[in-house]
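> Sharing coords_12.cif (mmCIF, C-alpha atoms and all ligand atoms) below.
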data_model
loop_
_atom_site.label_atom_id
_atom_site.label_comp_id
_atom_site.auth_asym_id
_atom_site.auth_seq_id
_atom_site.Cartn_x
_atom_site.Cartn_y
_atom_site.Cartn_z
CA MET S 27 -24.59 15.70 12.53
CA ILE S 28 -21.54 13.99 11.06
CA ILE S 29 -19.34 16.24 8.91
CA ALA S 30 -16.53 14.59 6.95
CA VAL S 31 -13.60 16.66 5.73
CA ALA S 32 -11.84 15.19 2.70
CA SER S 33 -9.63 16.18 -0.21
CA GLY S 34 -8.52 14.56 -3.43
CA LYS S 35 -4.88 14.83 -2.42
CA GLY S 36 -2.75 15.50 0.65
CA GLY S 37 -1.44 18.87 1.72
CA THR S 38 -4.47 20.98 0.78
CA GLY S 39 -5.24 22.07 4.34
CA LYS S 40 -7.71 19.34 5.24
CA THR S 41 -6.39 19.03 8.78
CA THR S 42 -6.42 22.82 9.22
CA VAL S 43 -10.09 22.88 8.30
CA SER S 44 -10.94 19.89 10.54
CA VAL S 45 -9.27 21.07 13.72
CA ASN S 46 -10.37 24.69 13.39
CA LEU S 47 -13.92 23.64 12.63
CA ALA S 48 -13.88 21.44 15.73
CA ARG S 49 -12.65 24.36 17.84
CA THR S 50 -15.34 26.61 16.34
CA ILE S 51 -18.11 24.17 17.25
CA GLY S 52 -16.50 23.95 20.67
CA SER S 53 -17.29 21.93 23.74
CA GLY S 54 -18.91 18.56 23.25
CA VAL S 55 -17.78 18.07 19.64
CA GLN S 56 -16.07 14.87 18.56
CA LEU S 57 -13.14 15.01 16.18
CA LEU S 58 -12.30 11.66 14.61
CA ASP S 59 -8.96 11.52 12.85
CA CYS S 60 -9.51 8.77 10.29
CA ASP S 61 -6.20 9.36 8.50
CA VAL S 62 -4.86 6.24 10.21
CA GLU S 63 -1.64 6.08 8.19
CA GLU S 64 -0.64 9.53 9.34
CA PRO S 65 -2.84 10.89 12.13
CA ASN S 66 -1.90 14.48 12.93
CA ALA S 67 -4.88 16.22 14.56
CA HIS S 68 -3.28 15.64 17.99
CA LEU S 69 -0.44 17.97 17.02
CA PHE S 70 -2.98 20.82 17.17
CA LEU S 71 -5.07 19.47 20.02
CA PRO S 72 -2.64 17.71 22.34
CA GLY S 73 -5.00 17.62 25.33
CA ARG S 74 -4.61 14.65 27.60
CA GLU S 75 -4.77 11.02 26.68
CA LYS S 76 -7.79 9.21 28.06
CA GLY S 77 -7.22 5.75 26.71
CA SER S 78 -6.09 3.55 23.91
CA ASP S 79 -7.65 0.38 22.54
CA ILE S 80 -6.02 -2.28 20.41
CA VAL S 81 -7.89 -3.10 17.20
CA THR S 82 -7.70 -6.58 15.70
CA ILE S 83 -9.15 -8.30 12.68
CA PRO S 84 -10.05 -12.00 12.78
CA ILE S 85 -7.70 -14.09 10.68
CA PRO S 86 -8.12 -17.84 10.12
CA LEU S 87 -6.38 -20.48 12.18
CA VAL S 88 -6.56 -23.93 10.59
CA ASP S 89 -6.87 -27.09 12.68
CA GLU S 90 -4.89 -29.52 10.54
CA SER S 91 -6.40 -32.55 12.25
CA LEU S 92 -9.88 -31.59 11.00
CA CYS S 93 -8.89 -30.31 7.55
CA ASP S 94 -9.20 -32.73 4.63
CA ALA S 95 -7.49 -30.39 2.13
CA CYS S 96 -10.64 -29.90 0.04
CA GLY S 97 -9.48 -26.38 -0.92
CA GLU S 98 -12.92 -24.72 -0.49
CA CYS S 99 -11.44 -21.96 1.68
CA GLY S 100 -8.90 -20.98 -0.97
CA ARG S 101 -11.48 -21.00 -3.75
CA PHE S 102 -13.65 -18.68 -1.67
CA CYS S 103 -11.03 -16.11 -0.63
CA ARG S 104 -10.79 -13.41 -3.26
CA TYR S 105 -7.72 -11.93 -1.58
CA HIS S 106 -5.62 -15.11 -1.89
CA ALA S 107 -4.99 -14.90 1.83
CA ILE S 108 -5.67 -18.60 2.30
CA VAL S 109 -4.73 -21.24 -0.23
CA SER S 110 -4.50 -25.00 -0.31
CA PHE S 111 -2.24 -27.06 -2.60
CA GLY S 112 -3.69 -30.46 -1.85
CA SER S 113 -2.67 -30.14 1.77
CA SER S 114 -3.99 -28.18 4.73
CA PRO S 115 -4.05 -24.53 3.66
CA LEU S 116 -1.47 -21.80 4.04
CA VAL S 117 -2.60 -18.50 5.55
CA PHE S 118 -1.07 -15.16 4.52
CA PRO S 119 -2.07 -12.89 7.41
CA GLU S 120 -1.03 -9.63 5.76
CA LEU S 121 -3.38 -10.27 2.83
CA CYS S 122 -6.37 -11.29 4.99
CA HIS S 123 -9.22 -8.78 5.23
CA GLY S 124 -10.79 -10.57 8.19
CA CYS S 125 -14.11 -11.20 6.44
CA GLY S 126 -14.61 -14.58 8.12
CA GLY S 127 -15.81 -16.18 4.89
CA CYS S 128 -13.32 -19.05 4.80
CA ALA S 129 -14.46 -20.27 8.24
CA LEU S 130 -18.06 -20.20 7.02
CA VAL S 131 -17.44 -22.19 3.85
CA CYS S 132 -15.16 -24.81 5.41
CA PRO S 133 -17.25 -28.00 5.33
CA ARG S 134 -15.17 -29.61 8.10
CA GLY S 135 -15.31 -26.76 10.62
CA ALA S 136 -11.52 -26.75 10.60
CA ILE S 137 -11.10 -22.97 10.64
CA ARG S 138 -11.21 -20.93 13.81
CA GLU S 139 -10.49 -17.24 14.05
CA GLN S 140 -7.72 -15.54 15.94
CA GLY S 141 -7.27 -11.81 16.38
CA LYS S 142 -4.44 -10.13 14.52
CA ARG S 143 -3.54 -6.66 15.72
CA ILE S 144 -3.71 -3.96 13.03
CA GLY S 145 -3.44 -0.78 15.11
CA VAL S 146 -4.84 1.26 17.99
CA VAL S 147 -7.62 3.77 18.60
CA GLU S 148 -6.54 6.55 20.98
CA THR S 149 -8.87 8.97 22.73
CA ARG S 150 -7.85 12.41 23.96
CA GLU S 151 -9.70 15.24 25.67
CA ALA S 152 -8.67 18.76 24.62
CA ASP S 153 -10.70 21.69 26.01
CA GLY S 154 -14.01 19.91 25.69
CA ILE S 155 -13.16 18.43 22.28
CA THR S 156 -13.01 14.64 22.23
CA LEU S 157 -10.31 13.65 19.79
CA VAL S 158 -10.31 10.03 18.65
CA GLN S 159 -7.63 8.86 16.30
CA GLY S 160 -6.70 5.60 14.69
CA ARG S 161 -3.08 4.69 14.23
CA ILE S 162 -2.29 1.75 11.99
CA ASP S 163 0.67 -0.48 12.83
CA ILE S 164 3.72 -0.17 10.60
CA GLY S 165 3.59 -2.61 7.71
CA VAL S 166 -0.17 -3.19 7.95
CA ALA S 167 -2.04 -2.38 4.74
CA MET S 168 -5.59 -2.93 6.02
CA ALA S 169 -6.83 0.57 6.86
CA PRO S 170 -10.65 0.29 6.40
CA PRO S 171 -11.27 -1.97 9.44
CA LEU S 172 -9.31 0.48 11.59
CA VAL S 173 -11.28 3.43 10.20
CA ARG S 174 -14.48 1.57 11.09
CA ALA S 175 -13.15 0.98 14.62
CA VAL S 176 -12.54 4.73 14.97
CA LYS S 177 -16.09 5.41 13.77
CA GLU S 178 -17.55 2.98 16.30
CA THR S 179 -16.81 5.65 18.91
CA LEU S 180 -19.24 8.08 17.21
CA ASN S 181 -21.71 9.57 19.62
CA LYS S 182 -24.98 10.13 17.77
CA ASP S 183 -26.05 12.92 20.14
CA THR S 184 -23.25 15.34 19.33
CA THR S 185 -21.70 16.88 16.25
CA ALA S 186 -18.74 14.94 14.88
CA ILE S 187 -16.02 15.95 12.45
CA LEU S 188 -14.31 13.15 10.53
CA ASP S 189 -10.88 14.00 9.15
CA ALA S 190 -10.59 11.64 6.17
CA PRO S 191 -7.35 10.31 4.68
CA PRO S 192 -6.31 12.12 1.49
CA GLY S 193 -7.29 10.66 -1.89
CA THR S 194 -10.27 8.64 -3.06
CA SER S 195 -9.35 5.07 -2.05
CA CYS S 196 -11.09 2.50 0.19
CA PRO S 197 -10.12 4.06 3.57
CA VAL S 198 -11.59 7.38 2.38
CA ILE S 199 -14.84 5.71 1.35
CA ALA S 200 -14.92 3.89 4.71
CA THR S 201 -14.62 7.30 6.40
CA LEU S 202 -17.25 9.12 4.33
CA ARG S 203 -19.89 6.41 4.34
CA GLY S 204 -22.72 7.32 6.69
CA SER S 205 -21.76 10.97 7.13
CA ASP S 206 -24.34 13.74 6.65
CA PHE S 207 -22.18 16.25 4.83
CA VAL S 208 -18.77 16.25 3.14
CA VAL S 209 -16.44 19.25 3.02
CA LEU S 210 -13.96 18.92 0.14
CA VAL S 211 -10.81 20.99 0.63
CA THR S 212 -8.92 22.07 -2.47
CA GLU S 213 -6.53 24.65 -3.85
CA PRO S 214 -7.25 26.95 -6.80
CA THR S 215 -4.63 25.33 -9.05
CA PRO S 216 -4.88 22.94 -12.03
CA PHE S 217 -3.71 20.08 -9.81
CA GLY S 218 -6.21 21.06 -7.15
CA LEU S 219 -8.99 21.03 -9.73
CA HIS S 220 -7.93 17.66 -11.09
CA ASP S 221 -8.06 16.04 -7.65
CA LEU S 222 -11.25 17.90 -6.77
CA ARG S 223 -13.02 16.37 -9.78
CA LEU S 224 -12.08 12.87 -8.59
CA ALA S 225 -13.26 13.67 -5.08
CA VAL S 226 -16.55 15.11 -6.39
CA ASP S 227 -17.18 11.94 -8.41
CA MET S 228 -16.57 9.85 -5.29
CA VAL S 229 -18.92 11.89 -3.08
CA ARG S 230 -21.64 11.88 -5.74
CA GLU S 231 -21.31 8.11 -5.97
CA LEU S 232 -21.94 7.97 -2.23
CA ALA S 233 -24.88 10.40 -2.60
CA ILE S 234 -23.85 12.65 0.31
CA PRO S 235 -24.46 16.44 0.17
CA PHE S 236 -21.19 18.33 -0.08
CA GLY S 237 -19.50 21.67 -0.57
CA VAL S 238 -16.01 22.98 -1.24
CA VAL S 239 -13.45 24.93 0.78
CA VAL S 240 -10.89 26.73 -1.38
CA ASN S 241 -7.65 27.10 0.55
CA ARG S 242 -4.74 29.40 -0.37
CA MET S 243 -6.84 31.73 -2.48
CA GLY S 244 -4.58 33.81 -4.69
CA VAL S 245 -2.01 31.17 -5.63
CA GLY S 246 -3.69 29.96 -8.80
CA ASP S 247 -6.50 30.83 -11.17
CA ASP S 248 -10.30 30.80 -11.13
CA ARG S 249 -10.85 27.36 -12.67
CA VAL S 250 -11.89 25.72 -9.41
CA HIS S 251 -14.50 28.43 -8.93
CA ARG S 252 -15.73 28.08 -12.49
CA PHE S 253 -15.99 24.32 -12.05
CA CYS S 254 -17.99 24.75 -8.84
CA ARG S 255 -20.30 27.25 -10.51
CA GLU S 256 -20.92 25.01 -13.52
CA GLN S 257 -21.53 21.99 -11.32
CA GLU S 258 -23.66 23.96 -8.86
CA ILE S 259 -21.41 23.08 -5.95
CA PRO S 260 -21.47 25.57 -3.08
CA VAL S 261 -18.15 27.17 -2.11
CA LEU S 262 -18.43 27.16 1.67
CA LEU S 263 -15.28 29.09 2.54
CA GLU S 264 -12.26 30.71 0.96
CA LEU S 265 -9.07 30.94 2.96
CA PRO S 266 -6.45 33.38 1.64
CA ASP S 267 -2.85 32.41 0.95
CA ASP S 268 -1.72 34.01 4.20
CA ARG S 269 1.72 32.93 5.31
CA ARG S 270 0.73 33.47 8.93
CA ILE S 271 -1.70 30.54 8.54
CA ALA S 272 1.17 28.33 7.36
CA GLU S 273 3.30 29.55 10.25
CA ALA S 274 0.60 28.81 12.80
CA TYR S 275 0.24 25.36 11.23
CA SER S 276 3.96 24.64 11.49
CA ARG S 277 3.91 25.66 15.16
CA GLY S 278 0.99 23.32 15.81
CA GLU S 279 -1.38 26.20 16.59
CA LEU S 280 -5.00 26.54 15.63
CA VAL S 281 -5.65 29.35 13.18
CA VAL S 282 -8.68 30.57 15.13
CA ASP S 283 -6.51 30.87 18.27
CA ALA S 284 -3.36 32.34 16.72
CA LEU S 285 -5.17 34.66 14.28
CA PRO S 286 -8.52 35.64 15.84
CA GLU S 287 -9.57 37.51 12.70
CA TYR S 288 -10.13 34.12 11.09
CA ALA S 289 -12.64 33.00 13.74
CA SER S 290 -15.45 34.51 11.68
CA HIS S 291 -14.30 32.55 8.59
CA PHE S 292 -14.80 29.25 10.36
CA ALA S 293 -18.06 30.43 11.91
CA THR S 294 -19.24 31.16 8.37
CA LEU S 295 -18.10 27.73 7.24
CA LEU S 296 -20.12 26.11 9.98
CA TRP S 297 -23.13 28.23 9.14
CA ASN S 298 -22.81 27.30 5.46
CA ILE S 299 -22.53 23.61 6.25
CA ARG S 300 -25.75 23.76 8.25
CA GLU S 301 -27.37 25.78 5.45
CA PHE S 302 -26.34 23.42 2.68
CA ARG S 303 -26.80 20.25 4.63
CA SER S 304 -29.96 19.48 2.72
CA ALA S 305 -29.29 21.64 -0.34
CA GLY S 306 -25.58 20.99 -1.00
CA GLY S 307 -23.96 20.04 -4.28
CA LYS S 308 -25.40 16.92 -5.78
CA MET M 14 8.32 -33.31 -15.44
CA LYS M 15 6.82 -29.89 -16.20
CA ILE M 16 8.83 -26.68 -15.91
CA ALA M 17 7.24 -23.22 -15.81
CA PHE M 18 9.24 -20.33 -17.30
CA THR M 19 8.22 -16.72 -16.64
CA THR M 20 7.96 -14.85 -19.92
CA SER M 21 6.38 -11.93 -21.69
CA GLY M 22 5.62 -14.05 -24.76
CA ASN M 23 4.21 -17.45 -25.60
CA THR M 24 6.92 -19.22 -27.57
CA LEU M 25 10.33 -20.72 -26.78
CA ASP M 26 12.18 -17.74 -28.28
CA ALA M 27 10.15 -15.28 -26.23
CA PRO M 28 12.10 -13.16 -23.72
CA MET M 29 12.24 -14.27 -20.09
CA ASP M 30 10.46 -12.06 -17.54
CA GLY M 31 12.50 -11.75 -14.34
CA ARG M 32 9.39 -11.45 -12.19
CA PHE M 33 7.15 -14.31 -11.14
CA GLY M 34 3.82 -13.05 -9.77
CA ARG M 35 3.68 -10.15 -12.17
CA ALA M 36 5.06 -11.91 -15.24
CA ALA M 37 2.81 -11.52 -18.28
CA GLY M 38 2.61 -15.29 -18.61
CA PHE M 39 4.31 -18.66 -18.43
CA VAL M 40 5.60 -21.18 -20.89
CA ILE M 41 5.16 -24.60 -19.33
CA TYR M 42 7.52 -27.12 -20.86
CA ASP M 43 6.88 -30.84 -20.56
CA THR M 44 10.21 -32.72 -20.60
CA ASP M 45 8.50 -36.12 -21.04
CA ASN M 46 7.42 -35.41 -24.61
CA ASP M 47 9.19 -32.12 -25.41
CA THR M 48 6.00 -30.08 -25.82
CA PHE M 49 4.98 -26.80 -24.22
CA GLU M 50 1.94 -24.68 -23.58
CA ALA M 51 1.57 -20.96 -22.93
CA VAL M 52 -0.37 -19.83 -19.84
CA ASP M 53 -1.69 -16.31 -19.43
CA ASN M 54 -1.02 -14.58 -16.11
CA ARG M 55 -2.85 -11.32 -16.74
CA GLN M 56 -5.29 -11.75 -13.86
CA SER M 57 -2.42 -11.97 -11.35
CA VAL M 58 -0.63 -8.99 -12.90
CA ASN M 59 -3.71 -6.90 -12.23
CA THR M 60 -4.39 -7.89 -8.61
CA ALA M 61 -3.31 -5.41 -5.98
CA GLN M 62 -1.87 -8.02 -3.64
CA GLY M 63 -1.28 -11.73 -3.61
CA ALA M 64 -0.08 -11.90 -7.23
CA GLY M 65 2.63 -14.43 -6.36
CA ILE M 66 0.10 -16.71 -4.68
CA GLN M 67 -2.28 -16.48 -7.60
CA ALA M 68 0.55 -17.19 -10.05
CA THR M 69 1.53 -20.22 -7.98
CA GLU M 70 -2.03 -21.52 -8.19
CA ALA M 71 -1.95 -21.02 -11.97
CA ILE M 72 1.25 -22.99 -12.64
CA VAL M 73 0.29 -25.72 -10.16
CA ARG M 74 -3.05 -26.07 -11.95
CA HIS M 75 -1.08 -26.72 -15.13
CA GLY M 76 0.95 -29.38 -13.41
CA ALA M 77 4.31 -27.59 -13.07
CA ASN M 78 6.80 -29.11 -10.61
CA CYS M 79 9.61 -26.65 -11.32
CA LEU M 80 9.72 -22.90 -11.83
CA VAL M 81 12.47 -21.03 -13.66
CA THR M 82 12.36 -17.29 -13.06
CA GLY M 83 14.49 -14.29 -12.11
CA HIS M 84 13.31 -13.42 -8.61
CA CYS M 85 10.74 -14.48 -6.08
CA GLY M 86 9.13 -12.63 -3.15
CA PRO M 87 8.31 -14.09 0.29
CA ASN M 88 4.63 -14.91 -0.24
CA ALA M 89 5.27 -16.59 -3.57
CA PHE M 90 8.17 -18.49 -2.03
CA ARG M 91 5.98 -19.82 0.78
CA ALA M 92 3.22 -20.78 -1.64
CA LEU M 93 5.60 -22.47 -4.11
CA SER M 94 7.34 -24.39 -1.34
CA ALA M 95 4.02 -25.58 0.08
CA ALA M 96 2.96 -26.67 -3.39
CA GLY M 97 6.21 -28.62 -3.78
CA VAL M 98 7.45 -26.55 -6.70
CA ARG M 99 11.25 -26.30 -6.94
CA ILE M 100 12.44 -22.79 -7.81
CA TYR M 101 15.43 -22.12 -10.10
CA THR M 102 16.81 -18.71 -10.94
CA THR M 103 18.34 -17.54 -14.16
CA SER M 104 19.25 -14.37 -15.96
CA ALA M 105 18.93 -16.02 -19.40
CA ALA M 106 17.48 -13.80 -22.11
CA THR M 107 14.99 -16.21 -23.68
CA VAL M 108 12.94 -19.20 -22.62
CA ALA M 109 14.98 -21.44 -24.92
CA GLU M 110 18.25 -20.34 -23.32
CA ALA M 111 16.82 -20.82 -19.85
CA LEU M 112 15.58 -24.29 -20.83
CA GLU M 113 19.01 -25.19 -22.16
CA ALA M 114 20.68 -24.05 -18.94
CA PHE M 115 18.10 -25.95 -16.91
CA SER M 116 18.65 -29.16 -18.90
CA ALA M 117 22.41 -28.80 -18.48
CA GLY M 118 21.90 -28.61 -14.71
CA ALA M 119 23.44 -25.15 -14.69
CA LEU M 120 20.70 -23.35 -12.70
CA ALA M 121 20.85 -22.72 -8.96
CA THR M 122 17.84 -23.53 -6.81
CA MET M 123 16.42 -20.80 -4.63
CA LYS M 124 16.41 -21.50 -0.90
CA SER M 125 14.64 -18.33 0.26
CA ALA M 126 12.87 -15.29 -1.14
CA ASP M 127 15.30 -12.82 -2.68
CA VAL M 128 13.11 -9.74 -3.08
CA GLU M 129 10.53 -7.92 -0.98
CA GLY M 130 6.84 -8.60 -1.48
CA HIS M 131 5.12 -6.61 -4.27
CA TRP M 132 8.16 -6.96 -6.48
CA SER M 133 7.40 -10.51 -7.55
S1 LIG S 401 -11.08 -14.25 6.56
FE1 LIG S 401 -11.75 -13.64 4.48
S2 LIG S 401 -9.98 -12.54 3.68
FE2 LIG S 401 -9.24 -13.68 5.44
S3 LIG S 401 -8.49 -15.60 4.59
FE3 LIG S 401 -10.63 -15.96 5.20
S4 LIG S 401 -11.79 -15.58 3.33
FE4 LIG S 401 -9.76 -14.68 3.02
S1 LIG S 402 -12.12 -25.55 3.55
FE1 LIG S 402 -11.62 -26.44 5.54
S2 LIG S 402 -11.28 -28.61 5.12
FE2 LIG S 402 -11.20 -27.56 3.14
S3 LIG S 402 -9.02 -27.10 2.84
FE3 LIG S 402 -9.92 -25.31 3.82
S4 LIG S 402 -9.57 -25.68 6.01
FE4 LIG S 402 -9.28 -27.62 5.00
#
Let's see the structure in the file written out as structure tokens.

Amino acid sequence: MIIAVASGKGGTGKTTVSVNLARTIGSGVQLLDCDVEEPNAHLFLPGREKGSDIVTIPIPLVDESLCDACGECGRFCRYHAIVSFGSSPLVFPELCHGCGGCALVCPRGAIREQGKRIGVVETREADGITLVQGRIDIGVAMAPPLVRAVKETLNKDTTAILDAPPGTSCPVIATLRGSDFVVLVTEPTPFGLHDLRLAVDMVRELAIPFGVVVNRMGVGDDRVHRFCREQEIPVLLELPDDRRIAEAYSRGELVVDALPEYASHFATLLWNIREFRSAGGK
Amino acid sequence: MKIAFTTSGNTLDAPMDGRFGRAAGFVIYDTDNDTFEAVDNRQSVNTAQGAGIQATEAIVRHGANCLVTGHCGPNAFRALSAAGVRIYTTSAATVAEALEAFSAGALATMKSADVEGHWS
């Protein structure tokens, strides 16, 4: 089963839920940190590094001797990453999404592809947990291909947790697509509710069963709960606003290790995910 | 010769827009017969990336050989240079003032991008 953990905004405790859930499932689980702009699961599960692979996307390389400046490539590219002004085309690598379309439409076969590095995928082993994380290179804005590279390491035979980037943009969709269940982490505040609504819309669009974890119970009001009730969305877990959880987080410790009384919370979360896998919020 | 001015309006007294890729539009002035046309740039304004390249395609399509604007980012600069468009900078308030300065030869040409991408 593939469980994605997401949230409409950053800082809601998404990573806390991901890493503690991984520890609760235990040996054999895969944890994929898909927050490639800011991977942080390794801070809680340092383990030992097993390897690192460079990820590239194919960008066009134009052979000027074959090109007749017809401009087909530029008319095709919706990202304006290749453009011809009556001469052989210019390529703007940082705008290219690596779709390969320009090479296909070039009537002269003048476009070859060359790999452009966008980041790395690192694998770590921490107490039986396989942690895979993508790390995008500085200045690169093309996160979805890197997220897909992280997800290529998915092992269908085990349970996997995907820690999604915050928000509801393309890299988040790239993470969630194909997962069996989505856990949305939120806070019981007006801002939390606002971002939760956006996240719920996104997950419904993708038609994946989902449920909600309310973190820092006690800081706000009951609007998130009312919303979940009205929308028939299961609340899978409530975590109290316990400063010891924040302290464990800042020390890079897992909650279930530092505060054993919370082990049962995450066991319940896992149980609820399995329970609602087919009957979750729709 | 055709000169493109970046502007938020569509007449000669319209205010200049200091940006290129994300300017609302262009006034393209034809010095051969002293006429002009207004070109909408809304589709570039709304693209996430590559606005400067798209804007370059738009003014080139309308036959511009010169561009008068405030600033220009690196992608737009590369595209404009490849398209053979000369770039002039001005801080004039209106298109008419910028045109006057251009005709008087008072505008400096731009030799490299002067702002980061995304700005233009
Ligand atoms: S590979 Fe795709 S995105 Fe890149 S330049 Fe070609 S058509 Fe554009
Ligand atoms: S489509 Fe091929 S031949 Fe035409 S301009 Fe592009 S590279 Fe040149």
> What are the closest atom pairs, with distances in Å to one decimal, for all residues of chain S lying within 8 Å of ligand LIG 402 (chain S)? Consider only C-alpha atoms and all ligand atoms, order rows by chain and residue number, and present the result as a Markdown table.

| residue | atom | partner | partner_atom | distance |
| --- | --- | --- | --- | --- |
| S:Val88 | CA | S:LIG402 | S4 | 5.8 |
| S:Asp89 | CA | S:LIG402 | S4 | 7.3 |
| S:Glu90 | CA | S:LIG402 | FE4 | 7.3 |
| S:Leu92 | CA | S:LIG402 | S2 | 6.7 |
| S:Cys93 | CA | S:LIG402 | FE4 | 3.7 |
| S:Asp94 | CA | S:LIG402 | S2 | 4.6 |
| S:Ala95 | CA | S:LIG402 | S3 | 3.7 |
| S:Cys96 | CA | S:LIG402 | FE2 | 3.9 |
| S:Gly97 | CA | S:LIG402 | S3 | 3.9 |
| S:Glu98 | CA | S:LIG402 | S1 | 4.2 |
| S:Cys99 | CA | S:LIG402 | S1 | 4.1 |
| S:Gly100 | CA | S:LIG402 | FE3 | 6.5 |
| S:Val109 | CA | S:LIG402 | FE3 | 7.7 |
| S:Ser110 | CA | S:LIG402 | S3 | 5.9 |
| S:Gly112 | CA | S:LIG402 | S3 | 7.9 |
| S:Ser113 | CA | S:LIG402 | S3 | 7.1 |
| S:Ser114 | CA | S:LIG402 | FE4 | 5.3 |
| S:Pro115 | CA | S:LIG402 | S3 | 5.7 |
| S:Cys128 | CA | S:LIG402 | S1 | 6.7 |
| S:Ala129 | CA | S:LIG402 | FE1 | 7.3 |
| S:Val131 | CA | S:LIG402 | S1 | 6.3 |
| S:Cys132 | CA | S:LIG402 | S1 | 3.6 |
| S:Pro133 | CA | S:LIG402 | FE1 | 5.8 |
| S:Arg134 | CA | S:LIG402 | S2 | 5.0 |
| S:Gly135 | CA | S:LIG402 | FE1 | 6.3 |
| S:Ala136 | CA | S:LIG402 | FE1 | 5.1 |
| S:Ile137 | CA | S:LIG402 | S4 | 5.6 |
> What residues have any atom no more than 9 Å from ligand LIG 401 (chain S) when counting all atoms listed in the file, and can you list them as a VMD selection string?
chain S and resid 83 to 86 99 to 109 117 to 119 121 to 131 137 139
> Selection from above, C-alpha atoms, as an mmCIF file, keeping the file's coordinate frame, can you write it?

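Saved the output as result.cif:
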data_model
loop_
_atom_site.group_PDB
_atom_site.id
_atom_site.type_symbol
_atom_site.label_atom_id
_atom_site.label_comp_id
_atom_site.auth_asym_id
_atom_site.auth_seq_id
_atom_site.Cartn_x
_atom_site.Cartn_y
_atom_site.Cartn_z
ATOM 1 C CA ILE S 83 -9.150 -8.300 12.680
ATOM 2 C CA PRO S 84 -10.050 -12.000 12.780
ATOM 3 C CA ILE S 85 -7.700 -14.090 10.680
ATOM 4 C CA PRO S 86 -8.120 -17.840 10.120
ATOM 5 C CA CYS S 99 -11.440 -21.960 1.680
ATOM 6 C CA GLY S 100 -8.900 -20.980 -0.970
ATOM 7 C CA ARG S 101 -11.480 -21.000 -3.750
ATOM 8 C CA PHE S 102 -13.650 -18.680 -1.670
ATOM 9 C CA CYS S 103 -11.030 -16.110 -0.630
ATOM 10 C CA ARG S 104 -10.790 -13.410 -3.260
ATOM 11 C CA TYR S 105 -7.720 -11.930 -1.580
ATOM 12 C CA HIS S 106 -5.620 -15.110 -1.890
ATOM 13 C CA ALA S 107 -4.990 -14.900 1.830
ATOM 14 C CA ILE S 108 -5.670 -18.600 2.300
ATOM 15 C CA VAL S 109 -4.730 -21.240 -0.230
ATOM 16 C CA VAL S 117 -2.600 -18.500 5.550
ATOM 17 C CA PHE S 118 -1.070 -15.160 4.520
ATOM 18 C CA PRO S 119 -2.070 -12.890 7.410
ATOM 19 C CA LEU S 121 -3.380 -10.270 2.830
ATOM 20 C CA CYS S 122 -6.370 -11.290 4.990
ATOM 21 C CA HIS S 123 -9.220 -8.780 5.230
ATOM 22 C CA GLY S 124 -10.790 -10.570 8.190
ATOM 23 C CA CYS S 125 -14.110 -11.200 6.440
ATOM 24 C CA GLY S 126 -14.610 -14.580 8.120
ATOM 25 C CA GLY S 127 -15.810 -16.180 4.890
ATOM 26 C CA CYS S 128 -13.320 -19.050 4.800
ATOM 27 C CA ALA S 129 -14.460 -20.270 8.240
ATOM 28 C CA LEU S 130 -18.060 -20.200 7.020
ATOM 29 C CA VAL S 131 -17.440 -22.190 3.850
ATOM 30 C CA ILE S 137 -11.100 -22.970 10.640
ATOM 31 C CA GLU S 139 -10.490 -17.240 14.050
#
> Hey, which of M:Val128, M:Val40, M:Ala89, M:Ala105 ends up closest to chain S? Count only C-alpha atoms.
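Under the stated criterion, the closest residue is M:Ala89.
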> Pick from M:Ala61, M:Leu80, M:Ala106, M:Ala126: nearest to chain S, with only C-alpha atoms counted?
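Closest to chain S of all the choices is M:Ala61.
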> Could you pull the residues within 6 Å of range 190-196 of chain S, counting only C-alpha atoms, minus those fewer than 2 positions along the same chain, as a PyMOL selection string?
chain S and resi 31-36+60-61+188+198-199+201
> Keeping only C-alpha atoms, write those residues as a PDB file, in the frame of the given file.

ATOM      1  CA  VAL S  31     -13.600  16.660   5.730  1.00  0.00           C
ATOM      2  CA  ALA S  32     -11.840  15.190   2.700  1.00  0.00           C
ATOM      3  CA  SER S  33      -9.630  16.180  -0.210  1.00  0.00           C
ATOM      4  CA  GLY S  34      -8.520  14.560  -3.430  1.00  0.00           C
ATOM      5  CA  LYS S  35      -4.880  14.830  -2.420  1.00  0.00           C
ATOM      6  CA  GLY S  36      -2.750  15.500   0.650  1.00  0.00           C
ATOM      7  CA  CYS S  60      -9.510   8.770  10.290  1.00  0.00           C
ATOM      8  CA  ASP S  61      -6.200   9.360   8.500  1.00  0.00           C
ATOM      9  CA  LEU S 188     -14.310  13.150  10.530  1.00  0.00           C
ATOM     10  CA  VAL S 198     -11.590   7.380   2.380  1.00  0.00           C
ATOM     11  CA  ILE S 199     -14.840   5.710   1.350  1.00  0.00           C
ATOM     12  CA  THR S 201     -14.620   7.300   6.400  1.00  0.00           C
TER      13      THR S 201
END
> With a distance cut-off of 8 Å and all atoms listed in the file, select the neighbouring residues of range 245-249 of chain S, excluding the residue or stretch itself and same-chain residues fewer than 5 positions from it, and output the selection as a count of residues only.
6
> Using only C-alpha atoms, which of the listed residues (S:Val261, S:Ala67, S:Ala167, S:Ile29) sits closest to chain M?
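Among S:Val261, S:Ala67, S:Ala167, S:Ile29, it is S:Ala167 that comes nearest to chain M.
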> Considering all atoms listed in the file, return as a compact mmCIF listing (two decimals) with C-alpha atoms, keeping the file's coordinate frame whatever protein or nucleic-acid residues lie within 7 Å of range 65-73 of chain M, sequence-local ones (same chain, fewer than 5 positions apart) excluded.

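Result written to result_37.txt:
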# COMPACT_ATOMS: atom_id res chain seq x y z
CA HIS S 106 -5.62 -15.11 -1.89
CA ALA M 17 7.24 -23.22 -15.81
CA PHE M 33 7.15 -14.31 -11.14
CA GLY M 34 3.82 -13.05 -9.77
CA ASN M 54 -1.02 -14.58 -16.11
CA SER M 57 -2.42 -11.97 -11.35
CA ASN M 88 4.63 -14.91 -0.24
CA ALA M 89 5.27 -16.59 -3.57
CA ALA M 92 3.22 -20.78 -1.64
CA LEU M 93 5.60 -22.47 -4.11
CA SER M 133 7.40 -10.51 -7.55
